[in-house]
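Next up, target_29.txt (compact mmCIF, C-alpha atoms):
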```txt
# COMPACT_ATOMS: atom_id res chain seq x y z
CA MET N 1 116.57 -23.84 211.72
CA GLU N 2 116.88 -24.74 208.06
CA ALA N 3 115.10 -22.40 205.65
CA ALA N 4 112.06 -23.67 203.75
CA ARG N 5 112.52 -25.33 200.35
CA LEU N 6 110.06 -26.08 197.58
CA GLU N 7 110.29 -29.85 198.07
CA GLN N 8 110.26 -29.62 201.88
CA LEU N 9 106.57 -30.18 202.66
CA SER N 10 105.83 -32.03 205.90
CA VAL N 11 102.49 -33.87 205.85
CA LEU N 12 100.95 -34.91 209.17
CA LEU N 13 97.72 -36.42 207.80
CA GLU N 14 96.49 -37.28 204.32
CA ASP N 15 93.18 -38.80 203.19
CA ALA N 16 90.67 -38.36 200.38
CA ASP N 17 89.23 -35.16 201.88
CA TYR N 18 91.97 -33.35 203.79
CA LEU N 19 95.66 -32.72 204.12
CA VAL N 20 97.11 -31.53 207.41
CA LEU N 21 100.54 -30.00 206.97
CA ASP N 22 103.27 -29.06 209.41
CA LYS N 23 103.84 -25.58 207.97
CA HIS N 24 107.40 -24.32 207.96
CA TRP N 25 108.31 -21.27 210.02
CA ASP N 26 108.01 -17.81 208.47
CA LEU N 27 106.41 -19.14 205.29
CA ARG N 28 103.27 -17.54 203.86
CA ILE N 29 100.33 -19.70 202.83
CA ASP N 30 99.89 -17.87 199.54
CA SER N 31 100.79 -14.54 198.02
CA THR N 32 100.42 -12.48 194.87
CA ARG N 33 103.56 -10.46 195.64
CA PRO N 34 106.36 -11.02 193.11
CA ARG N 35 108.99 -11.02 195.88
CA GLU N 36 107.32 -13.99 197.59
CA THR N 37 109.24 -16.72 195.78
CA LEU N 38 108.08 -19.59 198.01
CA THR N 39 104.67 -20.26 199.62
CA VAL N 40 102.74 -23.26 200.92
CA GLN N 41 100.65 -23.05 197.73
CA GLN N 42 103.77 -23.59 195.63
CA GLN N 43 104.90 -26.49 197.81
CA LEU N 44 101.49 -28.14 197.35
CA ARG N 45 101.57 -27.66 193.58
CA HIS N 46 105.01 -29.28 193.50
CA ARG N 47 104.09 -32.27 195.72
CA TYR N 48 100.53 -32.90 194.52
CA PRO N 49 100.17 -31.78 190.89
CA GLN N 50 97.40 -34.38 190.44
CA LEU N 51 95.27 -32.64 193.07
CA LEU N 52 95.33 -29.18 191.48
CA ASP N 53 91.87 -27.65 191.17
CA PRO N 54 91.62 -25.15 188.28
CA SER N 55 88.45 -23.65 189.80
CA THR N 56 90.46 -22.20 192.71
CA ARG N 57 92.70 -19.15 192.52
CA HIS N 58 96.08 -20.81 193.01
CA GLY N 59 95.10 -24.45 192.56
CA PHE N 60 95.03 -25.08 196.33
CA SER N 61 92.90 -22.30 197.80
CA ARG N 62 90.73 -24.30 200.18
CA PHE N 63 92.77 -23.65 203.31
CA CYS N 64 90.45 -24.33 206.24
CA HIS N 65 92.07 -21.68 208.45
CA GLN N 66 95.00 -19.29 208.59
CA LEU N 67 98.50 -19.39 210.08
CA ASP N 68 100.40 -16.19 209.50
CA TYR N 69 104.07 -16.66 210.32
CA ALA N 70 103.47 -19.37 212.90
CA THR N 71 104.43 -22.93 212.15
CA GLY N 72 102.49 -26.11 212.70
CA ALA N 73 99.26 -27.88 211.84
CA LEU N 74 97.53 -26.37 208.81
CA CYS N 75 94.47 -28.06 207.28
CA VAL N 76 93.73 -28.04 203.54
CA ALA N 77 90.41 -29.29 202.13
CA LEU N 78 90.66 -31.19 198.85
CA SER N 79 87.09 -30.65 197.65
CA ARG N 80 84.24 -28.17 197.90
CA GLN N 81 82.28 -30.61 200.08
CA ALA N 82 85.22 -31.10 202.46
CA ALA N 83 85.74 -27.34 202.65
CA GLY N 84 82.06 -26.93 203.57
CA GLY N 85 82.39 -29.43 206.42
CA ALA N 86 85.44 -27.65 207.77
CA PHE N 87 83.72 -24.26 207.47
CA ARG N 88 80.77 -25.48 209.52
CA ALA N 89 83.07 -26.88 212.21
CA PHE N 90 85.00 -23.61 212.46
CA SER N 91 81.93 -21.37 212.33
CA GLN N 92 80.29 -23.40 215.11
CA ARG N 93 83.51 -23.08 217.16
CA ARG N 94 83.91 -26.83 217.43
CA VAL N 95 87.48 -26.94 216.20
CA VAL N 96 90.07 -27.24 218.97
CA LYS N 97 93.50 -25.71 218.43
CA ALA N 98 96.45 -25.61 220.80
CA TYR N 99 99.70 -23.73 220.27
CA LEU N 100 103.14 -23.87 221.82
CA ALA N 101 105.06 -20.66 222.33
CA LEU N 102 108.19 -19.32 223.92
CA VAL N 103 107.46 -16.03 225.65
CA ARG N 104 109.70 -13.43 227.24
CA GLY N 105 110.13 -13.53 231.02
CA HIS N 106 109.02 -16.10 233.58
CA VAL N 107 105.23 -16.41 233.78
CA LYS N 108 104.39 -16.61 237.48
CA GLU N 109 100.88 -18.07 237.26
CA GLU N 110 100.74 -21.70 236.13
CA HIS N 111 97.45 -20.97 234.37
CA MET N 112 96.03 -17.71 233.04
CA THR N 113 92.78 -16.79 231.33
CA ILE N 114 93.40 -13.75 229.14
CA ASP N 115 90.19 -12.00 228.15
CA TYR N 116 91.18 -8.63 226.67
CA ALA N 117 89.00 -7.51 223.76
CA ILE N 118 91.03 -6.98 220.57
CA GLY N 119 90.53 -4.47 217.77
CA LYS N 120 92.41 -2.91 214.87
CA ASP N 121 95.25 -0.57 215.79
CA THR N 122 94.60 2.68 213.89
CA ARG N 123 97.60 4.60 215.23
CA GLU N 124 100.05 5.96 212.70
CA GLY N 125 102.76 3.49 211.84
CA GLN N 126 100.84 0.48 213.20
CA THR N 127 99.57 -0.79 209.85
CA HIS N 128 98.21 -4.34 209.86
CA MET N 129 98.49 -4.56 213.65
CA MET N 130 95.88 -5.33 216.30
CA CYS N 131 95.65 -4.06 219.87
CA VAL N 132 93.75 -4.56 223.12
CA GLU N 133 90.73 -2.43 223.88
CA ALA N 134 92.44 -0.01 226.30
CA THR N 135 94.95 1.06 223.62
CA PRO N 136 94.37 4.56 222.19
CA GLY N 137 93.09 4.28 218.64
CA CYS N 138 91.73 0.72 219.08
CA ASP N 139 88.97 0.32 216.49
CA ASN N 140 86.05 -2.10 216.80
CA PRO N 141 87.36 -4.25 219.68
CA LYS N 142 85.70 -7.65 219.98
CA PRO N 143 85.67 -10.06 222.95
CA CYS N 144 88.59 -12.49 222.90
CA LEU N 145 89.60 -15.33 225.19
CA THR N 146 92.89 -17.22 225.44
CA GLU N 147 93.87 -19.92 227.93
CA LEU N 148 97.57 -20.00 228.86
CA THR N 149 99.27 -22.91 230.64
CA VAL N 150 102.93 -22.89 231.72
CA LEU N 151 104.96 -25.93 230.63
CA GLN N 152 108.58 -24.99 231.26
CA THR N 153 110.67 -22.08 232.47
CA GLY N 154 114.23 -21.40 231.42
CA ARG N 155 116.28 -19.02 229.32
CA TYR N 156 116.37 -18.06 225.68
CA GLY N 157 119.89 -16.92 225.09
CA ASP N 158 120.73 -14.77 228.10
CA ASP N 159 117.13 -13.80 228.90
CA PRO N 160 114.43 -15.51 231.00
CA ALA N 161 111.75 -17.24 228.96
CA THR N 162 108.79 -19.59 229.42
CA LYS N 163 107.36 -22.33 227.22
CA VAL N 164 103.57 -22.12 227.32
CA LEU N 165 100.54 -23.85 225.83
CA LEU N 166 98.04 -21.40 224.34
CA GLN N 167 94.43 -22.24 223.54
CA PRO N 168 92.48 -19.61 221.59
CA VAL N 169 88.82 -19.93 222.56
CA THR N 170 88.00 -17.19 220.06
CA GLY N 171 89.69 -16.56 216.73
CA ARG N 172 90.64 -12.89 216.35
CA THR N 173 93.51 -11.85 214.05
CA HIS N 174 96.90 -12.03 215.84
CA GLN N 175 95.03 -12.94 219.04
CA LEU N 176 97.77 -15.00 220.68
CA ARG N 177 100.52 -12.52 219.88
CA VAL N 178 98.48 -9.55 221.13
CA HIS N 179 97.29 -11.32 224.29
CA CYS N 180 100.79 -12.47 225.25
CA ASP N 181 102.15 -8.98 224.70
CA ALA N 182 99.28 -7.47 226.73
CA VAL N 183 100.14 -9.53 229.83
CA GLY N 184 103.81 -8.56 229.62
CA HIS N 185 105.13 -11.76 228.04
CA ALA N 186 105.64 -11.09 224.35
CA ILE N 187 106.34 -14.05 222.10
CA VAL N 188 110.05 -14.50 221.47
CA GLY N 189 111.00 -13.34 217.98
CA ASP N 190 107.77 -11.43 217.34
CA TYR N 191 109.24 -8.76 215.08
CA THR N 192 105.92 -6.97 214.51
CA TYR N 193 104.65 -6.62 218.07
CA SER N 194 108.11 -5.86 219.46
CA LEU N 195 108.00 -2.87 217.09
CA ARG N 196 110.88 -4.37 215.10
CA ALA N 197 113.11 -4.68 218.17
CA ASP N 198 113.18 -8.48 218.71
CA THR N 199 115.39 -9.40 215.77
CA ALA N 200 117.89 -11.85 217.28
CA PRO N 201 115.76 -15.06 217.16
CA TYR N 202 115.64 -16.75 213.77
CA ARG N 203 111.81 -17.01 213.83
CA THR N 204 108.63 -16.17 215.69
CA MET N 205 108.37 -18.78 218.46
CA LEU N 206 104.73 -19.70 217.93
CA HIS N 207 103.72 -23.18 216.79
CA ALA N 208 100.32 -24.77 216.10
CA ALA N 209 100.82 -28.08 217.90
CA LEU N 210 97.31 -29.57 217.79
CA LEU N 211 94.34 -29.40 215.45
CA ARG N 212 91.15 -31.35 216.22
CA MET N 213 88.19 -30.89 213.87
CA PRO N 214 85.00 -32.90 214.58
CA LEU N 215 82.97 -33.53 211.43
CA GLY N 216 79.99 -35.53 212.64
CA GLU N 217 80.78 -39.16 211.91
CA ARG N 218 84.54 -38.60 211.86
CA THR N 219 87.18 -36.37 213.43
CA VAL N 220 90.29 -34.99 211.79
CA GLN N 221 93.09 -34.71 214.36
CA ALA N 222 96.80 -34.07 213.93
CA GLU N 223 99.70 -33.06 216.15
CA ALA N 224 102.80 -31.26 214.90
CA PRO N 225 106.10 -32.07 216.68
CA ASP N 226 107.39 -29.58 219.24
CA PRO N 227 110.14 -27.43 217.66
CA PHE N 228 111.05 -25.68 220.91
CA VAL N 229 113.61 -28.14 222.18
CA PRO N 230 117.36 -27.61 222.65
CA ASP N 231 118.21 -30.15 219.94
CA VAL N 232 116.44 -27.93 217.40
CA ASP N 233 117.26 -24.53 218.88
CA PRO N 234 120.21 -24.52 221.32
CA SER N 235 119.30 -20.97 222.37
CA TRP N 236 116.39 -22.42 224.35
CA CYS N 237 117.59 -23.84 227.68
CA PRO N 238 114.76 -25.20 229.87
CA GLU N 239 115.51 -25.19 233.59
CA GLN N 240 112.25 -26.35 235.19
CA THR N 241 109.42 -28.49 233.77
CA LEU N 242 105.94 -28.19 235.24
CA ARG N 243 104.26 -30.50 232.72
CA SER N 244 105.26 -32.15 229.47
CA VAL N 245 103.91 -31.17 226.07
CA ASP N 246 102.42 -34.66 225.65
CA GLU N 247 100.59 -34.41 228.98
CA ALA N 248 99.25 -30.95 228.18
CA LEU N 249 98.01 -31.93 224.71
CA ALA N 250 96.44 -35.14 226.03
CA GLU N 251 94.49 -33.06 228.55
CA VAL N 252 93.29 -30.74 225.77
CA VAL N 253 92.08 -33.73 223.75
CA ARG N 254 90.39 -35.31 226.78
CA LYS N 255 88.42 -32.14 227.45
CA ALA N 256 87.55 -31.81 223.76
CA VAL N 257 86.18 -35.35 223.62
CA ALA N 258 84.07 -34.72 226.73
CA THR N 259 82.71 -31.49 225.25
CA GLU N 260 81.89 -33.20 221.95
CA ALA N 261 80.01 -35.98 223.79
CA ARG N 262 78.02 -33.42 225.80
CA LEU N 263 77.09 -31.44 222.69
CA ALA N 264 76.10 -34.62 220.85
CA ALA N 265 73.80 -35.61 223.73
CA GLU N 266 72.24 -32.13 223.81
CA GLU N 267 71.68 -32.18 220.05
CA ALA N 268 70.09 -35.64 220.29
CA GLU N 269 67.65 -34.34 222.91
CA VAL N 270 66.78 -31.34 220.75
CA GLU N 271 66.20 -33.56 217.73
CA LEU N 272 64.01 -35.93 219.75
CA ALA N 273 61.91 -33.02 221.01
CA ARG N 274 61.62 -31.68 217.46
CA ARG N 275 60.36 -35.03 216.16
CA ARG N 276 57.85 -35.31 218.96
CA THR N 277 56.54 -31.85 218.19
CA ALA N 278 56.34 -32.63 214.48
CA SER N 279 54.50 -35.87 215.19
CA THR N 280 51.94 -34.06 217.35
CA ARG N 281 51.39 -31.40 214.71
CA SER N 282 50.98 -33.96 211.94
CA ALA N 283 48.05 -35.49 213.80
CA GLY N 284 46.25 -32.14 213.42
CA PRO N 285 43.78 -30.46 215.78
CA VAL N 286 40.57 -32.24 216.81
CA SER N 287 37.67 -30.87 214.75
CA GLU N 288 34.57 -29.31 216.36
CA ALA N 289 32.40 -32.04 214.84
CA ALA N 290 34.54 -34.75 216.40
CA THR N 291 34.43 -32.99 219.76
CA GLU N 292 30.64 -32.72 219.61
CA GLY N 293 30.33 -36.40 218.65
CA LEU N 294 32.45 -37.43 221.61
CA ARG N 295 30.33 -35.29 223.97
CA ARG N 296 27.11 -36.93 222.78
CA TRP N 297 28.62 -40.41 223.08
CA LEU N 298 29.63 -39.73 226.68
CA GLN N 299 26.11 -38.50 227.50
CA GLU N 300 24.72 -41.91 226.53
CA TRP N 301 26.50 -43.47 229.50
CA PRO N 302 24.52 -43.41 232.76
CA ALA N 303 26.02 -41.45 235.61
CA ASP N 304 27.27 -43.44 238.60
```
What does the file become when written as structure tokens?
Amino acid sequence: MEAARLEQLSVLLEDADYLVLDKHWDLRIDSTRPRETLTVQQQLRHRYPQLLDPSTRHGFSRFCHQLDYATGALCVALSRQAAGGAFRAFSQRRVVKAYLALVRGHVKEEHMTIDYAIGKDTREGQTHMMCVEATPGCDNPKPCLTELTVLQTGRYGDDPATKVLLQPVTGRTHQLRVHCDAVGHAIVGDYTYSLRADTAPYRTMLHAALLRMPLGERTVQAEAPDPFVPDVDPSWCPEQTLRSVDEALAEVVRKAVATEARLAAEEAEVELARRRTASTRSAGPVSEAATEGLRRWLQEWPAD
């Protein structure tokens, strides 16, 4: 529960193209606000001054995705080419992300598919908030899908709570927070979507536990350690375990690998068909003169 410090940058993966960080809780990625005295950008500048890129706004602006106030796996591209590869993977929805969360109440179903469309909340006083489609004033709702799996039930402080694994199939702003709230199980410590009521927890209990990004010949994958354990936060007291975090994440990876293999096979078939079509077209159509010559040649053969 220690507050973030400039020199406290946890790195899960580092190579020539990417960094994957374990972002600290309640820390912004970047900011132009004078009151924001510490950001991930500043931590990166402090740790990796040799990797600063003057062509970017803050020196490290090639974040491959966003984490608002959640913690966990955050990918940073170290070159324009690497950023392009990550952009393609995200835009093609090939990146797999899995989050851990503590939510209010005991979730009865072991698995839930949450498919409420989400749009911008235009009601007065709800600035920078999103909402589900049925909410009055919901602007431009778009289809959204989240898979929820129960891992543990217990108590957070004096109140019932559940540890869940969340998989966003789509990527709408605040999707996980809005979907959990919509099914009656708001994320513990979500100050914004509790309408500033849930102030006792020291942070928002949402954590990006797994990032898997296939890039053709290679895959970037990193897991961020589970922070929702009693040794880290004694307020969380699990009482029943349905499945472990390791088991749940291993199942996510197994399914991702199977999906990647299926897509690769489908793409190989499409490419083979394309080459066959191109080969046929390159041969060109048979000319009328050639057709007439073949007809005359056949006529020279006696009929049986």
- prompt: Interatomic distance between CA of Phe228 in chain N and CA of Val95 in chain N?
  reply: 24.1 Å
statement: In Å and to one decimal, CA of Arg123 in chain N is distant from CA of Leu176 in chain N by 20.3 Å
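Nearest-residue note for Thr219 in chain N: choosing from N:Ala182, N:Ala161, N:Leu52, N:Val96, the minimum distance belongs to N:Val96, counting all atoms listed in the file.
Using only C-alpha atoms, the shortest contact distance between Gly216 in chain N and any of N:Val169, N:Val11, N:Ala261, N:Ala186 is found at N:Ala261.
Distances from N:Leu74, N:Ile187, N:Val220, N:Ala117 to Arg203 in chain N were compared using all atoms listed in the file, and the smallest one belongs to N:Ile187.
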field: Interatomic distance, CA of Thr173 in chain N to CA of Met130 in chain N (Å, one decimal)
entry: 7.3 Å
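The closest residue to Gln167 in chain N, picked from N:His185, N:Arg196, N:Lys97, N:Arg218 and counting all atoms listed in the file, is N:Lys97.
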For Ala86 in chain N, the nearest of the candidates N:Ala101, N:Met213, N:Leu165, N:Ala3, counting only C-alpha atoms: N:Met213
Starting from the incomplete input, reconstruct N, CA and C atoms of range 8-36 of chain N and write that as a PDB file, in the frame of the given file.
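For reference, selection29.pdb as written:
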```pdb
ATOM      1  N   GLN N   8     110.317 -29.303 200.452  1.00  0.00           N
ATOM      2  CA  GLN N   8     110.260 -29.620 201.880  1.00  0.00           C
ATOM      3  C   GLN N   8     108.855 -29.350 202.411  1.00  0.00           C
ATOM      4  N   LEU N   9     107.950 -30.291 202.187  1.00  0.00           N
ATOM      5  CA  LEU N   9     106.570 -30.180 202.660  1.00  0.00           C
ATOM      6  C   LEU N   9     106.295 -31.327 203.624  1.00  0.00           C
ATOM      7  N   SER N  10     106.072 -31.014 204.885  1.00  0.00           N
ATOM      8  CA  SER N  10     105.830 -32.030 205.900  1.00  0.00           C
ATOM      9  C   SER N  10     104.338 -32.270 206.039  1.00  0.00           C
ATOM     10  N   VAL N  11     103.912 -33.514 205.817  1.00  0.00           N
ATOM     11  CA  VAL N  11     102.490 -33.870 205.850  1.00  0.00           C
ATOM     12  C   VAL N  11     102.222 -34.702 207.101  1.00  0.00           C
ATOM     13  N   LEU N  12     101.304 -34.213 207.936  1.00  0.00           N
ATOM     14  CA  LEU N  12     100.950 -34.910 209.170  1.00  0.00           C
ATOM     15  C   LEU N  12      99.816 -35.901 208.960  1.00  0.00           C
ATOM     16  N   LEU N  13      98.888 -35.571 208.055  1.00  0.00           N
ATOM     17  CA  LEU N  13      97.720 -36.420 207.800  1.00  0.00           C
ATOM     18  C   LEU N  13      97.300 -36.235 206.356  1.00  0.00           C
ATOM     19  N   GLU N  14      96.932 -37.338 205.711  1.00  0.00           N
ATOM     20  CA  GLU N  14      96.490 -37.280 204.320  1.00  0.00           C
ATOM     21  C   GLU N  14      95.387 -38.310 204.103  1.00  0.00           C
ATOM     22  N   ASP N  15      94.235 -37.874 203.593  1.00  0.00           N
ATOM     23  CA  ASP N  15      93.180 -38.800 203.190  1.00  0.00           C
ATOM     24  C   ASP N  15      92.481 -38.223 201.964  1.00  0.00           C
ATOM     25  N   ALA N  16      91.346 -38.783 201.611  1.00  0.00           N
ATOM     26  CA  ALA N  16      90.670 -38.360 200.380  1.00  0.00           C
ATOM     27  C   ALA N  16      90.095 -36.953 200.476  1.00  0.00           C
ATOM     28  N   ASP N  17      89.899 -36.453 201.692  1.00  0.00           N
ATOM     29  CA  ASP N  17      89.230 -35.160 201.880  1.00  0.00           C
ATOM     30  C   ASP N  17      90.149 -34.039 202.357  1.00  0.00           C
ATOM     31  N   TYR N  18      91.160 -34.393 203.143  1.00  0.00           N
ATOM     32  CA  TYR N  18      91.970 -33.350 203.790  1.00  0.00           C
ATOM     33  C   TYR N  18      93.451 -33.703 203.773  1.00  0.00           C
ATOM     34  N   LEU N  19      94.244 -32.644 203.782  1.00  0.00           N
ATOM     35  CA  LEU N  19      95.660 -32.720 204.120  1.00  0.00           C
ATOM     36  C   LEU N  19      95.868 -31.872 205.359  1.00  0.00           C
ATOM     37  N   VAL N  20      96.673 -32.363 206.298  1.00  0.00           N
ATOM     38  CA  VAL N  20      97.110 -31.530 207.410  1.00  0.00           C
ATOM     39  C   VAL N  20      98.626 -31.448 207.317  1.00  0.00           C
ATOM     40  N   LEU N  21      99.117 -30.234 207.175  1.00  0.00           N
ATOM     41  CA  LEU N  21     100.540 -30.000 206.970  1.00  0.00           C
ATOM     42  C   LEU N  21     101.182 -29.480 208.250  1.00  0.00           C
ATOM     43  N   ASP N  22     102.476 -29.702 208.367  1.00  0.00           N
ATOM     44  CA  ASP N  22     103.270 -29.060 209.410  1.00  0.00           C
ATOM     45  C   ASP N  22     103.980 -27.899 208.721  1.00  0.00           C
ATOM     46  N   LYS N  23     103.338 -26.722 208.728  1.00  0.00           N
ATOM     47  CA  LYS N  23     103.840 -25.580 207.970  1.00  0.00           C
ATOM     48  C   LYS N  23     105.189 -25.105 208.500  1.00  0.00           C
ATOM     49  N   HIS N  24     106.070 -24.796 207.586  1.00  0.00           N
ATOM     50  CA  HIS N  24     107.400 -24.320 207.960  1.00  0.00           C
ATOM     51  C   HIS N  24     107.322 -22.917 208.547  1.00  0.00           C
ATOM     52  N   TRP N  25     108.287 -22.587 209.380  1.00  0.00           N
ATOM     53  CA  TRP N  25     108.310 -21.270 210.020  1.00  0.00           C
ATOM     54  C   TRP N  25     108.529 -20.160 208.991  1.00  0.00           C
ATOM     55  N   ASP N  26     107.878 -19.035 209.283  1.00  0.00           N
ATOM     56  CA  ASP N  26     108.010 -17.810 208.470  1.00  0.00           C
ATOM     57  C   ASP N  26     107.775 -18.057 206.986  1.00  0.00           C
ATOM     58  N   LEU N  27     106.771 -18.858 206.675  1.00  0.00           N
ATOM     59  CA  LEU N  27     106.410 -19.140 205.290  1.00  0.00           C
ATOM     60  C   LEU N  27     104.941 -18.776 205.094  1.00  0.00           C
ATOM     61  N   ARG N  28     104.650 -17.939 204.117  1.00  0.00           N
ATOM     62  CA  ARG N  28     103.270 -17.540 203.860  1.00  0.00           C
ATOM     63  C   ARG N  28     102.500 -18.684 203.208  1.00  0.00           C
ATOM     64  N   ILE N  29     101.192 -18.694 203.451  1.00  0.00           N
ATOM     65  CA  ILE N  29     100.330 -19.700 202.830  1.00  0.00           C
ATOM     66  C   ILE N  29     100.235 -19.465 201.332  1.00  0.00           C
ATOM     67  N   ASP N  30      99.932 -18.234 200.947  1.00  0.00           N
ATOM     68  CA  ASP N  30      99.890 -17.870 199.540  1.00  0.00           C
ATOM     69  C   ASP N  30     100.205 -16.383 199.419  1.00  0.00           C
ATOM     70  N   SER N  31     100.456 -15.938 198.211  1.00  0.00           N
ATOM     71  CA  SER N  31     100.790 -14.540 198.020  1.00  0.00           C
ATOM     72  C   SER N  31     100.749 -14.203 196.536  1.00  0.00           C
ATOM     73  N   THR N  32     100.369 -12.975 196.252  1.00  0.00           N
ATOM     74  CA  THR N  32     100.420 -12.480 194.870  1.00  0.00           C
ATOM     75  C   THR N  32     101.600 -11.525 194.688  1.00  0.00           C
ATOM     76  N   ARG N  33     102.419 -11.360 195.733  1.00  0.00           N
ATOM     77  CA  ARG N  33     103.560 -10.460 195.640  1.00  0.00           C
ATOM     78  C   ARG N  33     104.704 -11.130 194.876  1.00  0.00           C
ATOM     79  N   PRO N  34     105.262 -10.437 193.902  1.00  0.00           N
ATOM     80  CA  PRO N  34     106.360 -11.020 193.110  1.00  0.00           C
ATOM     81  C   PRO N  34     107.564 -11.433 193.955  1.00  0.00           C
ATOM     82  N   ARG N  35     107.808 -10.703 195.068  1.00  0.00           N
ATOM     83  CA  ARG N  35     108.990 -11.020 195.880  1.00  0.00           C
ATOM     84  C   ARG N  35     108.816 -12.278 196.716  1.00  0.00           C
ATOM     85  N   GLU N  36     107.567 -12.757 196.849  1.00  0.00           N
ATOM     86  CA  GLU N  36     107.320 -13.990 197.590  1.00  0.00           C
ATOM     87  C   GLU N  36     107.608 -15.168 196.671  1.00  0.00           C
TER      88      GLU N  36
END
```
